[in-house]
Each structure stands twice: as structure tokens, then as C-alpha cells.
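*Asks:* Structure provided below as C-alpha cells; questions to follow.
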Protein chains: 2
Amino acid sequence: MKVSILGVGLIGGSIGLAASQRLRCEVVGFDPNPNALRHAIEKGAISRGADTVAAACEGADAVFCAAPVAALAELARAALDATGPEAIVTDVGSTKWEIAVALGESERFIGGHPLAGAETAGVENARGDLFEGARWYLTPIGGVEGAAFEQLQQTVTGLGARPQAIEAEAHDRLMATVSHLPHVLANALAGVAVAELSTDSEQMPEVGPSFRDATRVAGSNPAVWADIFAANRESVANAIEALVGQLNQAVDVIRGGDRDAVTFWHHAAAIQRRRLLETELTGEVLRELRIVVANRPGKVAELSQALADAGVNIEDMVLHPAPSDGPGAISLWVAGHDRAASVARLARELGHTVSAVEDED
Amino acid sequence: MKVSILGVGLIGGSIGLAASQRLRCEVVGFDPNPNALRHAIEKGAISRGADTVAAACEGADAVFCAAPVAALAELARAALDATGPEAIVTDVGSTKWEIAVALGESERFIGGHPLAGAETAGVENARGDLFEGARWYLTPIGGVEGAAFEQLQQTVTGLGARPQAIEAEAHDRLMATVSHLPHVLANALAGVAVAELSTDSEQMPEVGPSFRDATRVAGSNPAVWADIFAANRESVANAIEALVGQLNQAVDVIRGGDRDAVTFWHHAAAIQRRRLLETELTGEVLRELRIVVANRPGKVAELSQALADAGVNIEDMVLHPAPSDGPGAISLWVAGHDRAASVARLARELGHTVSAVEDED
């Protein structure tokens with residue numbers, strides 16, 4: 001099987017590595033940046049580079065377009081033009097509706113979106129196991145799952161991922177809510193805080209851990225996000241409006257001052273968050289533990305080592321609070337009651353105080 | 001000097017420990033829960049317990065009211081009634097306007113709010129160093145800093161904290177923005193996601209790290225938050241409305257589809273977040289590093305240990321992504337360029353790929 005990779009960055013390079021290592025494919029790459037091609041060859045992500053899209057696609061069974069979102073439609077069209085009637089063309093963009101509309105007439109194009117690698121970039125970070133266990137959305141036109149879909153599904157599975165078919169529009173709505181909206185929110189929150197401060201005090205306030213968490217992605221990677229917001233603007237705008245609706249309800253509940261209503265509203269959110277997070281865990285409940293430690297490097301390391309020795313995997317982790325050298329706590333999320341009990345025991349053996357954050361539902 | 005603690009939970013108990021260990025005070029405690037009093041004595045947080053507020057306050061130079069927010073005004077009034085003309089009464093509640101209005105006639109009452117301990121609770125977690133380096137807001141009535149204020153300021157400094165005077169109303173506005181609003185937001189975001197899902201797909205989607213961060217505090221500790229939202233309802237409602245204003249602007253920018261406008265808006269948020277976070281670091285810039293690791297327990301531990309051995313303190317840390325056993329990355333925030341360079345070097349020596357997240361301003 002021959003695979004073409006158009007755009008050999010983190011995702012393209014990782015597809016190349018996985019395709020060659022796991023599926024024994026011949027992998028040909030194209031990239032407008034000759035340095036990226038050279039790095040990709042050195043890394044073994046592609047067996048050779050091509051000077052043009054057409055040359056890279058020649059004789060390919062599957063073409064992966066892995067360029068920035070704004071360039072994908074044109075690239076995919078060029079790939080369709082350069083490939084034979086049996087070849088499948090797909091992409092890896094974070095939004096799927098725009099490209100589905102642009103390429104809608106072709107049965108050989110199926111959009112795709114692997115949920116992996118968002119935390120870094122560049123072919124130098126490419127790995128053959130990047131997609132191991134990762135969700136990979138596929139958006140066959142009109143939701144139709146034909147022969148081309150089945151072949152692509154098999155290829156994606158072969159790369160280590162877990163493919164799932166979804167309509168392009170539903171995909172973009174979903175991403176708008178669970179991925180793009182938090183980024184908008186982080187930006188808006190940072191804006192509110194700075195505006196509040198400049199009217200109010202000479203110095204900036206010290207911010208707490210909840211603020212740090214809520215704004216962690218504020219302004220991250222402007223080039224990528226400008227493209228995503230442009231390509232998914234209606235869904236993102238709708239998601240923001242849905243959030244504004246929720247916030248207006250919160251204003252009513254909080255201004256109303258009915259303590260029971262506030263408690264009910266707050267409690268409901270705890271249940272909702274848990275429902276969302278638990279879906280990642282193949283049926284296991286997510287348990288949160290809070291461990292009081294001195295917020296000094298050695299304590300975190302000691303605890304991590306103990307958990308490592310015991311083979312406990314950490315699903316999520318956050319340190320409170322940030323100020324240097326102060327005492328603090330670690331929140332750890334682990335899957336399942338048994339693992340939570342193990343973590344609690346290990347942490348107590350190291351002399352830490354552990355509290356299980358109570359199940360709220 | 002004699003100190004009374006009314007309410008011996010985490011904060012009250014820690015004040016008691018710090019007052020006795022650092023200021024050599026006699027510390028008397030009152031708590032409606034006899035078990036808490038017993039624990040506090042066992043821990044050395046108080047030298048003895050009293051059966052009534054009046055008995056606990058007898059002869060006190062300073063009284064710290066450390067009960068839930070809703071109970072503070074009544075408790076502080078009882079403490080004022082039970083103490084002499086030289087005694088100072090203060091509290092440690094998260095909101096300050098309501099109690100300032102209730103106790104406004106007394107020059108012996110000065111509101112307070114230490115920024116510490118939010119991540120845990122209970123006298124069993126009390127520590128004499130809980131306030132070490134922590135901001136401790138003091139809200140003298142009308143902002144007037146008289147003799148009583150100076151005495152309280154000295155006491156709070158003696159407990160290890162960094163006192164700062166602020167008007168009660170400004171304090172509540174500040175907290176509404178940097179602390180209470182993120183909690184509201186986390187709740188609203190969880191609500192939007194669940195609503196979106198139930199209309200859209202049979203299964204819940206898998207959520208990304210930005211969603212996890214933004215909803216981490218959703219629904220946490222309903223009893224505490226219901227009180228805070230009640231006591232600070234106007235400021236919180238105003239902060240939500242300010243955020244809604246920012247979000248409506250975001251809708252306009254994103255729906256407008258002008259890429260430059262989107263980029264400008266997004267970039268501004270990065271600068272804003274950095275300005276806010278750097279205020280915690282006494283003048284040092286905050287550097288973010290992204291380290292690619294296998295998301296398996298041993299790797300996190302190994303890296304933490306290396307940083308510990310090198311004496312590098314971690315300001316903030318987050319793991320991407322959560323799914324078990326997959327490869328992933330760690331974001332680390334450290335103070336100062338030199339420390340960032342050390343972390344990068346250490347991580348590279350362990351075979352990880354490191355990228356510095358670029359300075360955006």
C-alpha cells in the first residue's frame with residue numbers, strides 16, 4: 001500500500017511513521033517547506049519527498065492532507081485530481097463542515113480529524129504511536145459509509161486510532177462546544193480580569209488556581225486558532241450564545257439570592273462535569289483525590305514515583321496553589337474506586353493528608 | 001498576647017498554630033462542634049477550648065472569626081460584645097462587603113481574607129505555615145488605616161502572610177472576577193456541553209484538556225459556594241455580565257470572519273493572561289515549556305525527580321492528554337528564563353522533546 005502525506009508536520013509526520021512502522025506502507029511526502037521534508041526523511045516519517053502535490057500523489061492508495069485548516073480544501077482537490085479512481089483522499093483538520101461543502105461532489109474524499117497532538121507541533125515531535133488509542137473522527141459525506149469509508153476506517157485503525165463516523169456538521173458543533181468554546185472563554189475571562197483591574201487598583205491582583213485553570217489556553221497559538229475560528233465560525237458563535245444563555249440564567253439565580261436555588265444549580269454542574277469526563281474512561285468512574293503536600297519539587301516527585309512503582313496511571317493532575325515554595329495540594333484524578341484507594345494509601349504512607357473529593361451524584 | 005479563634009477548621013486551626021508557634025500567643029478556641037475542638041487541642045492549634053463565644057473571647061487581644069461566610073456577621077458582633085475596648089475583631093471570610101455593612105459602626109472590627117487553603121478543609125489539615133507568603137486582604141472601614149489596623153497588620157505579618165489594605169467593595173469586585181467568576185463559568189460550560197450532547201449524539205463526546213481545565217471546579221463544594229454567591233451576589237452578577245459583554249464581542253469578531261480581527265483579539269488574550277499570572281512572581285517572567293513524554297506513570301515521576309534534584313520549583317503543571325496509557329505531553333510553568341533553560345536541558349537529557357511556548361508579547 002502506498003500512502004501520500006501532504007504536509008509533514010506533527011500530524012502528517014506521525015501518520016507517516018505509523019503507516020510505515022505498523023502498516024508497512026511506502027510513504028511519500030510533500031511539503032512547501034524543504035526543511036520539513038528533510039527532517040521527515042531523517043526521522044523515517046516518509047521514505048522520500050516529492051516536489052509537487054501531483055508527484056507525491058502518483059500511484060497513492062490513500063492521501064492524507066495535513067496542512068493548516070485554511071489550506072485543506074485546495075490541497076484535497078489537487079490530491080483528487082492527481083489520484084486514480086480507487087484512491088481515497090482524507091484530511092486531518094480540526095473542522096469538517098467547510099471542507100465537506102467544498103469537496104462534497106467527490107465520493108473519494110472523506111474528511112477526518114484525529115484527536116491527538118494538540119499539545120505540540122512540528123515533525124521533530126512526530127511519533128509512530130501518536131494515535132495509539134486516540135479517537136479519529138471520520139465524516140463521510142451525508143453520513144454514508146461506503147466502500148471507501150470502510151477502507152479508510154481500516155487504515156486509521158491500523159494507525160492505532162479508534163475511528164468514529166459522524167456527520168461533518170455535528171462534528172463541528174461538538175468541537176465548538178468541547179474544544180473551541182473553552183478557548184474563547186479563556187480569552188474572554190482574561191479580558192474581563194484585566195479590564196476590572198485597570199479600573200480598580202494600581203496593581204494586578206493575585207489570581208487563584210481556578211482562574212489559572214480557566215485561562216490556561218488564553219491566546220494560545222494565534223495562527224492555528226484564527227483558522228479554526230474562521231472555519232467553524234457559525235458553530236463557535238452558536239456555542240458562545242448557548243453559553244451566554246447559561247450565564248444569564250446564572251445571573252438570575254445568583255442575583256435572586258435563593259440559597260436552595262443556588263445550591264441546586266451548583267450541584268447540577270458537578271454531576272454534569274463528571275458525566276462528561278467519565279466518557280473517556282471506558283465505563284470506569286472518575287475519582288478525584290486531594291493530597292496535601294509541601295509544594296516543593298521533591299514532594300511531587302516522591303509521590304509520582306510511588307504511584308509509578310505501583311503502576312497507577314494518573315488521568316489528570318493539578319497543583320494548588322502556584323506561589324513558589326508555599327505548602328499546597330495536588331488534585332489527582334484516577335479511574336475506578338480501587339485505584340483511588342491505592343493512591344490514597346500510598347500518599348498516606350508518605351505522610352500526606354488525603355481527602356477524597358466526594359461523589360456528588 | 002492572647003488570641004481567640006472562633007471556628008477551628010482549616011483556617012482557624014492554622015491561625016492558631018501560626019499564632020502559637022510564631023508569635024508565642026496563648027490561643028483559645030471556640031467551635032460548635034466539640035470534635036473539632038478536641039482535634040484542635042490535639043494538634044496544638046489551640047491551647048484550650050471554650051464552651052461559649054464569650055468565654056473564648058475573655059481577655060483576648062485579637063479575635064479571628066473563622067466560621068462559614070453566612071455566620072460571620074453574627075459571630076463578629078458577639079465577639080465585639082465580649083471583648084474590651086482595646087481588642088481587635090477580624091474575620092477570614094471570602095467576601096467582605098456584607099460584613100463591613102453589618103459591622104460598620106465598630107472601629108474595632110476590620111474584615112480580613114487570607115488567600116490560602118482553598119484546596120482543602122478541616123482542622124486535621126491545619127498547618128502553621130499555611131499563610132507563609134500568602135496575600136491577606138484587610139478591609140478597614142472606609143479604607144481608613146488607624147491604630148487597630150496597624151496592630152492587625154503586624155499580627156497578620158507575624159503569621160507569615162503579606163497583608164494588603166483594600167476597600168471591602170473593591171475586594172469583593174476583585175474576588176468576583178478572579179475567583180468567583182471562574183467557578184460560575186465552569187458550571188455554565190459543563191451545562192452547555194451536556195445540553196449540546198443530549199440533543200446531538202447517542203454518546204458523550206471525548207473532551208479535551210482545555211475543557212477539563214475550564215470545568216475543573218464545576219460544582220465544587222456546594223455548601224461553601226452557595227454562601228459565597230449569596231454574600232457577593234451583586235459583584236458576581238456584575239462580573240458575569242462583564243463576561244457576557246466580552247463573549248458578545250467575541251461572537252461579533254468570530255462571526256464577522258475577519259481573520260486579522262480574530263488574530264488580534266486572540267493575541268490580546270495571551271498578553272492579558274501573562275500580565276495577570278506574572279503578578280504572582282515578584283517580577284519574574286513566567287515561562288511555559290511543553291515536554292513530550294509517554295503518558296505513563298514512570299515518566300512523570302522520573303522528570304519530577306530530575307527537577308527536584310536540580311531544585312527547580314514548578315509554578316503550574318498540566319498533563320495532556322488524559323486518556324490512559326497513550327503518549328502525551330506535560331506543560332510546565334516556571335519563573336524566569338534561567339529556570340526554563342534548566343528544565344529544558346534536564347528534560348532533554350532524559351530523552352524528551354521540549355518546546356518553549358513562545359513569548360507572545
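Residues are named by chain letter and number: chains run A, B, ... in the order of the C-alpha cells, numbers start at 1 in each chain, and ligands are numbered from 1 in the order shown.
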Report as a PyMOL selection string all protein, DNA and RNA residues lying within 6 Å of stretch 244-259 of chain A, evaluated on only C-alpha atoms, omitting residues in the same chain fewer than 5 positions from it.
*Replies:* chain B and resi 188+230+233+237+244
*Asks:* Using DSSP on the backbone, list every residue of stretch 98-314 of chain B that comes out as strand (DSSP E), and give them as a list in words.
*Replies:*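 Result set for stretch 98-314 of chain B (strand (DSSP E)): Phe109, Ile110, Gly111, Gly112, His113, Pro114, Arg135, Trp136, Tyr137, Leu138, Thr139, Arg162, Pro163, Gln164, Ala165, Leu286, Arg287, Glu288, Leu289, Arg290, Ile291, Val292, Val293 and Ala294 of chain B.
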*Asks:* Next, dump the selected residues to file, keeping only C-alpha atoms, as a PDB file, in the first residue's frame.
*Replies:*
```pdb
ATOM      1  CA  PHE B 109     -13.792  45.372  63.586  1.00  0.00           C
ATOM      2  CA  ILE B 110     -11.601  45.034  60.497  1.00  0.00           C
ATOM      3  CA  GLY B 111     -12.511  42.460  57.871  1.00  0.00           C
ATOM      4  CA  GLY B 112      -9.863  40.105  56.535  1.00  0.00           C
ATOM      5  CA  HIS B 113      -9.388  37.458  53.856  1.00  0.00           C
ATOM      6  CA  PRO B 114      -6.288  35.276  53.623  1.00  0.00           C
ATOM      7  CA  ARG B 135      -1.716  37.544  50.409  1.00  0.00           C
ATOM      8  CA  TRP B 136      -4.033  38.529  53.295  1.00  0.00           C
ATOM      9  CA  TYR B 137      -6.507  41.253  52.410  1.00  0.00           C
ATOM     10  CA  LEU B 138      -7.619  43.599  55.186  1.00  0.00           C
ATOM     11  CA  THR B 139     -10.621  45.851  54.726  1.00  0.00           C
ATOM     12  CA  ARG B 162       1.562  39.604  53.301  1.00  0.00           C
ATOM     13  CA  PRO B 163      -1.265  41.944  54.396  1.00  0.00           C
ATOM     14  CA  GLN B 164      -2.763  44.432  51.966  1.00  0.00           C
ATOM     15  CA  ALA B 165      -5.443  47.039  52.670  1.00  0.00           C
ATOM     16  CA  LEU B 286       6.533  33.182  33.633  1.00  0.00           C
ATOM     17  CA  ARG B 287       7.848  30.700  31.085  1.00  0.00           C
ATOM     18  CA  GLU B 288       5.876  27.794  29.695  1.00  0.00           C
ATOM     19  CA  LEU B 289       7.573  24.646  28.453  1.00  0.00           C
ATOM     20  CA  ARG B 290       5.973  21.747  26.693  1.00  0.00           C
ATOM     21  CA  ILE B 291       7.599  18.379  27.188  1.00  0.00           C
ATOM     22  CA  VAL B 292       6.583  15.362  25.166  1.00  0.00           C
ATOM     23  CA  VAL B 293       6.568  12.176  27.231  1.00  0.00           C
ATOM     24  CA  ALA B 294       4.912   8.824  27.264  1.00  0.00           C
TER      25      ALA B 294
END
```
*Asks:* If DSSP is run on the backbone, what residues of stretch 107-282 of chain B are helix (DSSP H, G or I)? A reply as a VMD selection string would be ideal.
*Replies:* chain B and resid 123 to 125 141 to 143 147 to 158 168 to 200 209 to 214 222 to 231 233 to 256 259 to 281
*Asks:* Taking 5 positions as the minimum chain separation for residues in the same chain, which residues sit within 7 Å of stretch 337-349 of chain A when counting only C-alpha atoms? Answer as a count of residues only.
*Replies:* 6
*Asks:* What's the 12 Å shell around A:Ala82, counting only C-alpha atoms, without same-chain residues fewer than 4 positions away, as a PyMOL selection string?
*Replies:* chain A and resi 4+52-63+75-78+86-89
*Asks:* One number please: atom CA of B:Glu150 to atom CA of B:Glu107, in Å, one decimal.
*Replies:*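 Calculated distance between atom CA of B:Glu150 and atom CA of B:Glu107 is 12.6 Å.
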*Asks:* Which of these residues is nearest to A:Val224, using only C-alpha atoms: A:Ala121, A:Leu332, A:Ala308, A:Ala116?
*Replies:* A:Ala121
*Asks:* Could you pull the residues within 10 Å of B:Leu130, counting only C-alpha atoms, minus those fewer than 4 positions along the same chain, as a list in words?
*Replies:*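 So, after excluding close chain neighbours, the residues are Ala294, Gly326, Pro327 and Gly328 of chain A; Leu10, Ile11, Gly13, Ser14, Ile15, Leu17, Ala18, Pro114, Leu115, Ala116, Gly117, Asn125, Ala126, Ala134, Leu159, Gly160 and Ala161 of chain B.
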*Asks:* To one decimal place in Å, what is the distance between atom CA of A:Asp51 and atom CA of A:Ala79?
*Replies:*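 Between these atoms lies a distance of 13.8 Å.
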*Asks:* For chain A, which of B:Asp81, B:Glu132, B:Glu167, B:Glu105 is the closest residue, counting only C-alpha atoms?
*Replies:*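 Smallest separation from chain A among the options: B:Glu132.
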*Asks:* Please compute the atom CA of B:Leu189-atom CA of A:Val334 distance, one decimal, in Å.
*Replies:*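 Interatomic distance, atom CA of B:Leu189 to atom CA of A:Val334: 22.3 Å.
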*Asks:* Can you tell me, as a ChimeraX atom specification, what residues are no more than 10 Å from A:Ser235 when counting only C-alpha atoms, ignoring any on the same chain fewer than 2 positions away?
*Replies:* /A:97,169-177,180-181,229,231-233,237-241 /B:255
*Asks:* Please produce a file of those selected residues containing C-alpha atoms, as a short mmCIF file (atom, residue, chain, number, x, y, z; two decimals), in the first residue's frame.
*Replies:*
```cif
data_model
loop_
_atom_site.label_atom_id
_atom_site.label_comp_id
_atom_site.auth_asym_id
_atom_site.auth_seq_id
_atom_site.Cartn_x
_atom_site.Cartn_y
_atom_site.Cartn_z
CA TRP A 97 -18.12 21.29 7.59
CA GLU A 169 -21.91 19.47 10.86
CA ALA A 170 -22.40 17.50 14.09
CA HIS A 171 -18.63 17.16 14.41
CA ASP A 172 -18.11 20.90 14.16
CA ARG A 173 -20.89 21.59 16.66
CA LEU A 174 -19.34 19.12 19.07
CA MET A 175 -15.85 20.58 18.71
CA ALA A 176 -17.25 24.09 19.03
CA THR A 177 -18.61 23.12 22.44
CA HIS A 180 -13.28 25.78 20.68
CA LEU A 181 -15.59 27.32 23.30
CA PHE A 229 -12.48 30.17 14.41
CA ALA A 231 -13.63 27.71 9.50
CA ASN A 232 -16.09 26.97 12.31
CA ARG A 233 -17.44 30.44 12.93
CA ALA A 237 -20.71 31.67 17.64
CA ASN A 238 -23.72 29.45 18.43
CA ALA A 239 -21.83 27.74 21.25
CA ILE A 240 -20.88 31.12 22.71
CA GLU A 241 -24.50 32.17 22.54
CA ARG B 255 -19.00 35.64 13.05
#
```
